[in-house]
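> Provided herewith: entry-v6.cif, mmCIF, C-alpha atoms and all ligand atoms.
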data_protein
loop_
_atom_site.group_PDB
_atom_site.id
_atom_site.type_symbol
_atom_site.label_atom_id
_atom_site.label_comp_id
_atom_site.auth_asym_id
_atom_site.auth_seq_id
_atom_site.Cartn_x
_atom_site.Cartn_y
_atom_site.Cartn_z
ATOM 1 C CA MET A 1 69.901 35.831 119.517
ATOM 2 C CA THR A 2 67.982 38.722 117.967
ATOM 3 C CA ILE A 3 64.368 39.030 118.974
ATOM 4 C CA LYS A 4 62.328 40.432 116.110
ATOM 5 C CA PRO A 5 59.215 42.328 117.195
ATOM 6 C CA GLN A 6 56.188 40.665 115.655
ATOM 7 C CA MET A 7 53.955 42.718 113.431
ATOM 8 C CA PRO A 8 50.348 41.742 112.839
ATOM 9 C CA LYS A 9 50.006 39.939 109.500
ATOM 10 C CA CYS A 10 47.472 42.478 108.251
ATOM 11 C CA TRP A 11 49.884 45.422 108.770
ATOM 12 C CA ARG A 12 51.434 46.916 105.658
ATOM 13 C CA LYS A 13 55.145 46.296 106.155
ATOM 14 C CA GLU A 14 56.218 48.919 103.575
ATOM 15 C CA SER A 15 54.749 51.713 105.712
ATOM 16 C CA LYS A 16 56.823 50.782 108.785
ATOM 17 C CA PRO A 17 58.409 52.218 110.819
ATOM 18 C CA HIS A 18 55.297 54.316 111.275
ATOM 19 C CA LYS A 19 55.186 58.100 111.544
ATOM 20 C CA PHE A 20 53.645 58.609 114.988
ATOM 21 C CA CYS A 21 55.825 60.395 117.559
ATOM 22 C CA PRO A 22 57.999 58.127 119.755
ATOM 23 C CA GLY A 23 55.876 56.932 122.675
ATOM 24 C CA CYS A 24 52.547 57.684 120.983
ATOM 25 C CA GLY A 25 49.728 55.289 121.888
ATOM 26 C CA HIS A 26 48.146 55.260 118.407
ATOM 27 C CA GLY A 27 50.685 52.646 117.279
ATOM 28 C CA LEU A 28 49.735 50.386 120.181
ATOM 29 C CA ALA A 29 46.005 50.802 119.573
ATOM 30 C CA LEU A 30 46.546 49.882 115.922
ATOM 31 C CA LYS A 31 48.689 46.911 116.922
ATOM 32 C CA ALA A 32 45.882 45.573 119.136
ATOM 33 C CA LEU A 33 43.458 46.122 116.252
ATOM 34 C CA GLY A 34 45.809 44.325 113.844
ATOM 35 C CA MET A 35 46.165 41.324 116.157
ATOM 36 C CA ALA A 36 42.384 41.137 116.562
ATOM 37 C CA ILE A 37 41.854 41.261 112.768
ATOM 38 C CA ASP A 38 44.465 38.495 112.311
ATOM 39 C CA GLU A 39 42.954 36.252 114.963
ATOM 40 C CA LEU A 40 39.450 36.619 113.554
ATOM 41 C CA GLY A 41 40.695 36.061 109.974
ATOM 42 C CA ILE A 42 38.721 39.030 108.594
ATOM 43 C CA GLN A 43 41.458 41.029 106.786
ATOM 44 C CA ASP A 44 39.736 40.629 103.388
ATOM 45 C CA ARG A 45 36.446 42.019 104.706
ATOM 46 C CA VAL A 46 37.702 45.026 106.672
ATOM 47 C CA VAL A 47 37.103 48.594 105.505
ATOM 48 C CA LEU A 48 38.857 51.054 107.810
ATOM 49 C CA GLY A 49 37.888 54.702 108.017
ATOM 50 C CA CYS A 50 40.426 57.170 109.461
ATOM 51 C CA ASP A 51 39.485 60.540 110.847
ATOM 52 C CA ILE A 52 41.500 63.748 110.564
ATOM 53 C CA GLY A 53 43.934 64.119 113.450
ATOM 54 C CA CYS A 54 46.905 61.930 114.250
ATOM 55 C CA SER A 55 44.549 59.006 113.574
ATOM 56 C CA LEU A 56 44.923 59.824 109.859
ATOM 57 C CA LEU A 57 48.410 58.313 110.006
ATOM 58 C CA ALA A 58 46.573 54.975 110.084
ATOM 59 C CA TRP A 59 45.706 55.480 106.394
ATOM 60 C CA ASP A 60 48.634 53.351 105.169
ATOM 61 C CA PHE A 61 48.978 51.128 108.245
ATOM 62 C CA PHE A 62 47.101 48.021 107.070
ATOM 63 C CA ASP A 63 46.738 45.909 103.961
ATOM 64 C CA VAL A 64 42.987 46.477 103.963
ATOM 65 C CA ASP A 65 40.621 48.864 102.166
ATOM 66 C CA ILE A 66 40.915 52.272 103.790
ATOM 67 C CA VAL A 67 39.022 55.536 103.424
ATOM 68 C CA GLN A 68 40.181 58.893 104.763
ATOM 69 C CA THR A 69 37.310 61.136 105.862
ATOM 70 C CA HIS A 70 36.776 64.741 106.872
ATOM 71 C CA HIS A 71 37.308 65.610 110.522
ATOM 72 C CA GLY A 72 34.551 64.061 112.655
ATOM 73 C CA ARG A 73 32.848 62.306 109.725
ATOM 74 C CA THR A 74 34.327 58.817 109.915
ATOM 75 C CA THR A 75 31.351 57.257 111.680
ATOM 76 C CA PRO A 76 28.745 58.286 109.037
ATOM 77 C CA VAL A 77 31.100 57.354 106.169
ATOM 78 C CA ILE A 78 31.571 53.843 107.576
ATOM 79 C CA THR A 79 27.849 53.638 108.334
ATOM 80 C CA GLY A 80 27.091 54.372 104.674
ATOM 81 C CA LEU A 81 29.620 51.834 103.395
ATOM 82 C CA LYS A 82 28.262 49.156 105.729
ATOM 83 C CA ARG A 83 24.669 49.822 104.732
ATOM 84 C CA ALA A 84 25.621 49.657 101.049
ATOM 85 C CA ASN A 85 27.585 46.422 101.527
ATOM 86 C CA PRO A 86 26.636 44.532 104.704
ATOM 87 C CA ASP A 87 29.352 41.927 104.032
ATOM 88 C CA ILE A 88 32.170 44.305 104.943
ATOM 89 C CA ILE A 89 33.495 44.758 108.472
ATOM 90 C CA GLY A 90 33.364 48.541 108.880
ATOM 91 C CA ILE A 91 35.682 50.188 111.399
ATOM 92 C CA ALA A 92 35.695 53.921 112.154
ATOM 93 C CA TYR A 93 38.977 55.043 113.785
ATOM 94 C CA MET A 94 39.137 58.519 115.326
ATOM 95 C CA GLY A 95 40.551 60.739 118.067
ATOM 96 C CA ASP A 96 38.637 62.217 120.991
ATOM 97 C CA GLY A 97 38.337 65.580 119.225
ATOM 98 C CA GLY A 98 36.921 63.879 116.137
ATOM 99 C CA GLY A 99 34.549 61.615 118.072
ATOM 100 C CA TYR A 100 33.407 63.683 121.065
ATOM 101 C CA ALA A 101 33.587 67.264 119.714
ATOM 102 C CA ILE A 102 33.079 67.894 115.985
ATOM 103 C CA GLY A 103 31.688 64.386 115.360
ATOM 104 C CA SER A 104 29.667 63.901 118.530
ATOM 105 C CA GLN A 105 26.310 64.073 116.733
ATOM 106 C CA HIS A 106 27.377 61.205 114.480
ATOM 107 C CA LEU A 107 28.441 59.080 117.429
ATOM 108 C CA VAL A 108 25.135 59.721 119.215
ATOM 109 C CA ASN A 109 23.036 58.980 116.134
ATOM 110 C CA ALA A 110 24.956 55.871 115.055
ATOM 111 C CA ALA A 111 24.672 54.547 118.612
ATOM 112 C CA THR A 112 20.973 55.382 118.834
ATOM 113 C CA ARG A 113 20.319 53.580 115.546
ATOM 114 C CA ASN A 114 22.496 50.654 116.689
ATOM 115 C CA GLU A 115 24.458 50.756 113.410
ATOM 116 C CA LYS A 116 26.306 47.478 112.809
ATOM 117 C CA ILE A 117 29.779 49.026 112.761
ATOM 118 C CA VAL A 118 32.760 49.304 115.115
ATOM 119 C CA ALA A 119 33.874 52.763 116.258
ATOM 120 C CA ILE A 120 37.298 53.016 117.943
ATOM 121 C CA LEU A 121 38.087 56.311 119.649
ATOM 122 C CA VAL A 122 41.592 57.109 120.913
ATOM 123 C CA ASN A 123 41.452 59.248 124.051
ATOM 124 C CA ASN A 124 44.718 61.123 124.620
ATOM 125 C CA THR A 125 43.063 64.011 126.505
ATOM 126 C CA ASN A 126 43.888 66.588 123.838
ATOM 127 C CA TYR A 127 43.830 67.559 120.143
ATOM 128 C CA GLY A 128 47.126 65.919 119.256
ATOM 129 C CA MET A 129 47.722 66.818 115.639
ATOM 130 C CA THR A 130 47.002 70.532 115.937
ATOM 131 C CA GLY A 131 49.382 71.092 118.842
ATOM 132 C CA GLY A 132 47.648 70.021 122.045
ATOM 133 C CA GLN A 133 44.473 72.074 122.491
ATOM 134 C CA MET A 134 41.848 71.222 125.129
ATOM 135 C CA ALA A 135 39.525 68.365 124.104
ATOM 136 C CA PRO A 136 36.253 67.122 125.636
ATOM 137 C CA THR A 137 38.374 64.507 127.434
ATOM 138 C CA THR A 138 40.911 66.919 128.967
ATOM 139 C CA LEU A 139 41.177 66.192 132.689
ATOM 140 C CA PRO A 140 40.154 68.758 135.343
ATOM 141 C CA ASN A 141 43.075 71.162 135.941
ATOM 142 C CA GLN A 142 45.029 69.698 133.021
ATOM 143 C CA LYS A 143 47.128 72.323 131.240
ATOM 144 C CA THR A 144 46.828 72.444 127.459
ATOM 145 C CA GLU A 145 47.556 75.075 124.806
ATOM 146 C CA THR A 146 44.046 76.483 125.256
ATOM 147 C CA SER A 147 43.753 75.909 129.018
ATOM 148 C CA PRO A 148 47.141 77.253 130.141
ATOM 149 C CA TYR A 149 45.975 77.582 133.770
ATOM 150 C CA GLY A 150 44.405 74.118 133.763
ATOM 151 C CA ARG A 151 40.923 73.002 132.652
ATOM 152 C CA ASN A 152 38.301 74.832 134.659
ATOM 153 C CA VAL A 153 35.381 72.424 134.987
ATOM 154 C CA GLU A 154 33.038 75.182 136.188
ATOM 155 C CA GLU A 155 33.422 76.840 132.787
ATOM 156 C CA THR A 156 34.044 73.905 130.459
ATOM 157 C CA GLY A 157 32.503 70.859 132.148
ATOM 158 C CA TYR A 158 33.943 67.501 133.084
ATOM 159 C CA PRO A 159 35.612 64.991 130.747
ATOM 160 C CA THR A 160 33.207 63.214 128.385
ATOM 161 C CA GLN A 161 32.275 59.706 129.494
ATOM 162 C CA GLY A 162 31.909 58.199 126.037
ATOM 163 C CA PRO A 163 31.382 54.458 126.506
ATOM 164 C CA GLU A 164 29.035 55.144 129.433
ATOM 165 C CA MET A 165 26.973 57.445 127.198
ATOM 166 C CA VAL A 166 26.915 54.906 124.359
ATOM 167 C CA ALA A 167 25.864 52.164 126.784
ATOM 168 C CA ALA A 168 22.994 54.339 127.992
ATOM 169 C CA ILE A 169 21.585 55.210 124.564
ATOM 170 C CA THR A 170 22.021 51.925 122.666
ATOM 171 C CA ARG A 171 19.583 49.025 122.447
ATOM 172 C CA GLU A 172 20.381 45.440 123.324
ATOM 173 C CA GLY A 173 23.115 43.942 121.183
ATOM 174 C CA ALA A 174 25.475 46.906 121.487
ATOM 175 C CA TYR A 175 28.990 46.673 122.900
ATOM 176 C CA ALA A 176 30.642 49.529 124.810
ATOM 177 C CA ALA A 177 34.010 49.340 126.540
ATOM 178 C CA ARG A 178 37.070 51.321 127.546
ATOM 179 C CA GLY A 179 40.520 49.798 127.153
ATOM 180 C CA THR A 180 44.002 51.191 127.599
ATOM 181 C CA VAL A 181 47.307 50.919 125.757
ATOM 182 C CA ALA A 182 48.759 50.057 129.175
ATOM 183 C CA ASN A 183 47.039 46.638 128.979
ATOM 184 C CA MET A 184 47.518 45.296 125.475
ATOM 185 C CA ARG A 185 46.195 41.813 126.146
ATOM 186 C CA GLN A 186 42.902 43.170 127.469
ATOM 187 C CA LEU A 187 42.753 45.771 124.673
ATOM 188 C CA LYS A 188 43.130 43.104 121.988
ATOM 189 C CA GLN A 189 40.336 41.071 123.606
ATOM 190 C CA MET A 190 38.067 44.124 123.591
ATOM 191 C CA MET A 191 38.875 44.776 119.924
ATOM 192 C CA LYS A 192 37.999 41.161 119.151
ATOM 193 C CA LYS A 193 34.716 41.368 121.035
ATOM 194 C CA ALA A 194 33.766 44.588 119.263
ATOM 195 C CA LEU A 195 34.551 43.059 115.857
ATOM 196 C CA GLN A 196 32.825 39.791 116.738
ATOM 197 C CA ASN A 197 29.727 41.781 117.617
ATOM 198 C CA GLN A 198 29.670 43.167 114.097
ATOM 199 C CA ILE A 199 30.371 39.733 112.567
ATOM 200 C CA GLU A 200 27.299 38.460 114.443
ATOM 201 C CA ASN A 201 25.285 41.468 113.238
ATOM 202 C CA ASN A 202 24.232 42.316 116.781
ATOM 203 C CA GLY A 203 24.566 46.084 117.023
ATOM 204 C CA PHE A 204 26.810 49.108 117.457
ATOM 205 C CA SER A 205 30.232 48.494 118.994
ATOM 206 C CA PHE A 206 32.151 51.312 120.636
ATOM 207 C CA LEU A 207 35.627 51.086 122.126
ATOM 208 C CA GLU A 208 37.436 54.015 123.724
ATOM 209 C CA VAL A 209 41.196 53.530 124.139
ATOM 210 C CA LEU A 210 43.111 55.428 126.826
ATOM 211 C CA SER A 211 46.248 56.489 125.026
ATOM 212 C CA THR A 212 49.437 58.558 125.292
ATOM 213 C CA CYS A 213 50.548 61.821 123.680
ATOM 214 C CA PRO A 214 54.009 62.535 125.165
ATOM 215 C CA THR A 215 54.693 65.255 122.592
ATOM 216 C CA ASN A 216 51.867 67.512 123.738
ATOM 217 C CA TRP A 217 51.871 66.345 127.356
ATOM 218 C CA ARG A 218 55.585 67.201 127.349
ATOM 219 C CA THR A 219 56.316 64.106 129.430
ATOM 220 C CA ASN A 220 59.227 61.687 129.517
ATOM 221 C CA ALA A 221 58.622 57.941 129.208
ATOM 222 C CA GLN A 222 58.105 57.370 132.928
ATOM 223 C CA ASP A 223 55.693 60.278 133.411
ATOM 224 C CA THR A 224 53.806 59.358 130.243
ATOM 225 C CA TRP A 225 52.919 55.926 131.605
ATOM 226 C CA LYS A 226 52.161 57.356 135.030
ATOM 227 C CA TYR A 227 49.742 59.784 133.426
ATOM 228 C CA VAL A 228 47.826 57.161 131.479
ATOM 229 C CA GLU A 229 47.799 54.575 134.267
ATOM 230 C CA GLU A 230 47.226 56.787 137.296
ATOM 231 C CA GLU A 231 45.779 60.189 136.267
ATOM 232 C CA MET A 232 43.523 59.195 133.395
ATOM 233 C CA THR A 233 42.048 56.200 135.180
ATOM 234 C CA ARG A 234 40.859 58.478 138.002
ATOM 235 C CA TYR A 235 38.239 59.803 135.565
ATOM 236 C CA PHE A 236 37.966 57.029 133.002
ATOM 237 C CA THR A 237 37.118 53.552 134.262
ATOM 238 C CA VAL A 238 38.703 50.761 132.247
ATOM 239 C CA GLY A 239 36.448 47.792 131.497
ATOM 240 C CA GLU A 240 33.412 46.575 129.617
ATOM 241 C CA ILE A 241 30.344 48.715 130.188
ATOM 242 C CA LYS A 242 27.832 46.974 127.960
ATOM 243 C CA THR A 243 28.050 43.570 126.294
ATOM 244 C CA PRO A 244 25.792 41.967 123.690
ATOM 245 C CA ALA A 245 25.071 39.129 126.077
ATOM 246 C CA ALA A 246 22.389 41.463 127.384
ATOM 247 C CA LYS A 247 20.586 41.217 124.029
ATOM 248 C CA GLU A 248 16.887 40.445 124.315
ATOM 249 C CA GLU A 249 13.883 40.488 122.030
ATOM 250 C CA GLN A 250 13.398 44.022 120.641
ATOM 251 C CA LYS A 251 10.531 45.664 122.444
HETATM 252 C C1 LIG B 301 36.325 70.663 109.840
HETATM 253 C C2 LIG B 301 37.694 70.764 110.458
HETATM 254 N N1 LIG B 301 37.844 71.478 111.594
HETATM 255 C C3 LIG B 301 39.057 71.568 112.188
HETATM 256 C C4 LIG B 301 40.133 70.930 111.616
HETATM 257 C C5 LIG B 301 41.498 71.061 112.267
HETATM 258 N N2 LIG B 301 41.906 69.856 112.945
HETATM 259 C C6 LIG B 301 42.702 68.934 112.369
HETATM 260 S S1 LIG B 301 43.107 67.683 113.379
HETATM 261 C C7 LIG B 301 42.195 68.373 114.657
HETATM 262 C C8 LIG B 301 42.137 67.787 116.034
HETATM 263 C C9 LIG B 301 42.491 66.356 116.128
HETATM 264 O O1 LIG B 301 42.380 65.928 117.454
HETATM 265 P P1 LIG B 301 41.784 64.525 117.845
HETATM 266 O O2 LIG B 301 40.544 64.265 117.042
HETATM 267 O O3 LIG B 301 41.659 64.455 119.315
HETATM 268 O O4 LIG B 301 42.875 63.495 117.304
HETATM 269 P P2 LIG B 301 44.419 63.295 117.708
HETATM 270 O O5 LIG B 301 45.194 64.163 116.770
HETATM 271 O O6 LIG B 301 44.592 63.669 119.144
HETATM 272 O O7 LIG B 301 44.668 61.841 117.458
HETATM 273 C C10 LIG B 301 41.604 69.572 114.263
HETATM 274 C C11 LIG B 301 40.781 70.430 115.122
HETATM 275 C C12 LIG B 301 39.920 70.183 110.422
HETATM 276 N N3 LIG B 301 40.917 69.504 109.838
HETATM 277 N N4 LIG B 301 38.702 70.116 109.864
HETATM 278 S S1 LIG B 302 51.130 64.529 118.583
HETATM 279 FE FE1 LIG B 302 50.527 63.086 120.215
HETATM 280 S S2 LIG B 302 48.843 61.844 119.332
HETATM 281 FE FE2 LIG B 302 49.945 62.852 117.619
HETATM 282 S S3 LIG B 302 51.485 61.375 116.909
HETATM 283 FE FE3 LIG B 302 52.482 62.738 118.401
HETATM 284 S S4 LIG B 302 52.260 61.695 120.396
HETATM 285 FE FE4 LIG B 302 50.799 60.770 118.963
#
Please, can you express the file's structure as structure tokens?
Ligand SMILES: Cc1ncc(C[n+]2csc(CCOP(=O)(O)OP(=O)(O)O)c2C)c(N)n1
Ligand code: SF4


Amino acid sequence: MTIKPQMPKCWRKESKPHKFCPGCGHGLALKALGMAIDELGIQDRVVLGCDIGCSLLAWDFFDVDIVQTHHGRTTPVITGLKRANPDIIGIAYMGDGGGYAIGSQHLVNAATRNEKIVAILVNNTNYGMTGGQMAPTTLPNQKTETSPYGRNVEETGYPTQGPEMVAAITREGAYAARGTVANMRQLKQMMKKALQNQIENNGFSFLEVLSTCPTNWRTNAQDTWKYVEEEMTRYFTVGEIKTPAAKEEQK
């Protein structure tokens, strides 16, 4: 008996197999997103924004409306589309370089304003597309193209704690969580909760996804999973950090 891997219904079949490197976590993050969109029945309402970086390979992934933005500008583009048409479900999909470096001001401001969009940020601890430079999420002592002796935290600081920051600066009604491609069931649930939060018009939803980049990490399959499950989780706690259940009357 042949077991056929199941694709989410909202995926565009013609664009598969996808173009990410073998072992890349982007495909898993987008699978969890696809399953969440299917289960919520919102395919016709979704507008997906893709950043520059390997995340741009999501541009032909789904049978939904998609917009490709400049590097770091996906959050304000989706914010604008959502404000112009509140009926859409706006999703901004980006890497850690796009979200925490060049686009960090947009993340901070969208979170502060509690924009009714979902931002999904894939954390693979480096700038994947451009060849593996140091990112805000690079781990202490991690070697990258631009930190060949390992990240020196005295000079460059510690890895950005994105969902924790978003939780601290958002009002009630926001959702902030960190999932991992190593736990797809939990990741899909987090995607659903983030999207549901927008459906209910509660507030900003932010989901960081711990992900893999074996090409730039130069790791085999076993070491890739070890890195995401053991090394990354030493600095990045997986779980929900803020949920809309905490929503109260605006003060
Ligand atoms: C304004 C601008 N600056 C720099 C670049 C070059 N650039 C393209 S992709 C990228 C980094 C992408 O890294 P990340 O956002 O972490 O995404 P990943 O590729 O790891 O998914 C950079 C710096 C660009 N395209 N535009
Ligand atoms: S370079 Fe890294 S992030 Fe980009 S597709 Fe390859 S494995 Fe994925």

> Got a sec to check which residues lie within 6 Å of ligand LIG 301 (chain B), using all atoms listed in the file, and send them as a list in words?

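For ligand LIG 301 (chain B), the residues inside 6 Å are Ile52, Gly53, Cys54, Ser55, His71, Gly95, Asp96, Gly97, Gly98, Asn126, Tyr127, Gly128, Met129 and Thr130 of chain A.
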
> At a cut-off of 10 Å around ligand LIG 302 (chain B), and using all atoms listed in the file, what residues come up? Please write them as number ranges by chain.

A: 18-27, 53-57, 95, 122-132, 211-218

> Any chance you could resolve the PyMOL selection byres (((chain A and resi 93) around 12) and not hetatm) against this file and give the residues as a VMD selection string?

chain A and resid 26 29 to 30 33 47 to 59 66 to 69 71 to 78 90 to 92 94 to 99 103 107 117 to 123 191 206 to 209

> List every protein, DNA or RNA residue with an atom no more than 8 Å from (44.2, 72.0, 127.6) in the file's coordinates, counting all atoms listed in the file, and format the result as a list in words.

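Collected hits near the coordinates: Asn126, Gly132, Gln133, Met134, Ala135, Thr138, Gln142, Lys143, Thr144, Glu145, Thr146, Ser147, Pro148, Gly150 and Arg151 of chain A.
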
> Can you work out which one of A:Lys226, A:His70, A:Lys242, A:Lys192 has the shortest atom-to-atom distance to Glu164 of chain A, counting all atoms listed in the file?

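Closest candidate: A:Lys242.
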
> A:Gly203, A:Gly173, A:Gly162, A:Pro140: which is nearest Met232 of chain A, counting only C-alpha atoms?

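Closest candidate: A:Pro140.
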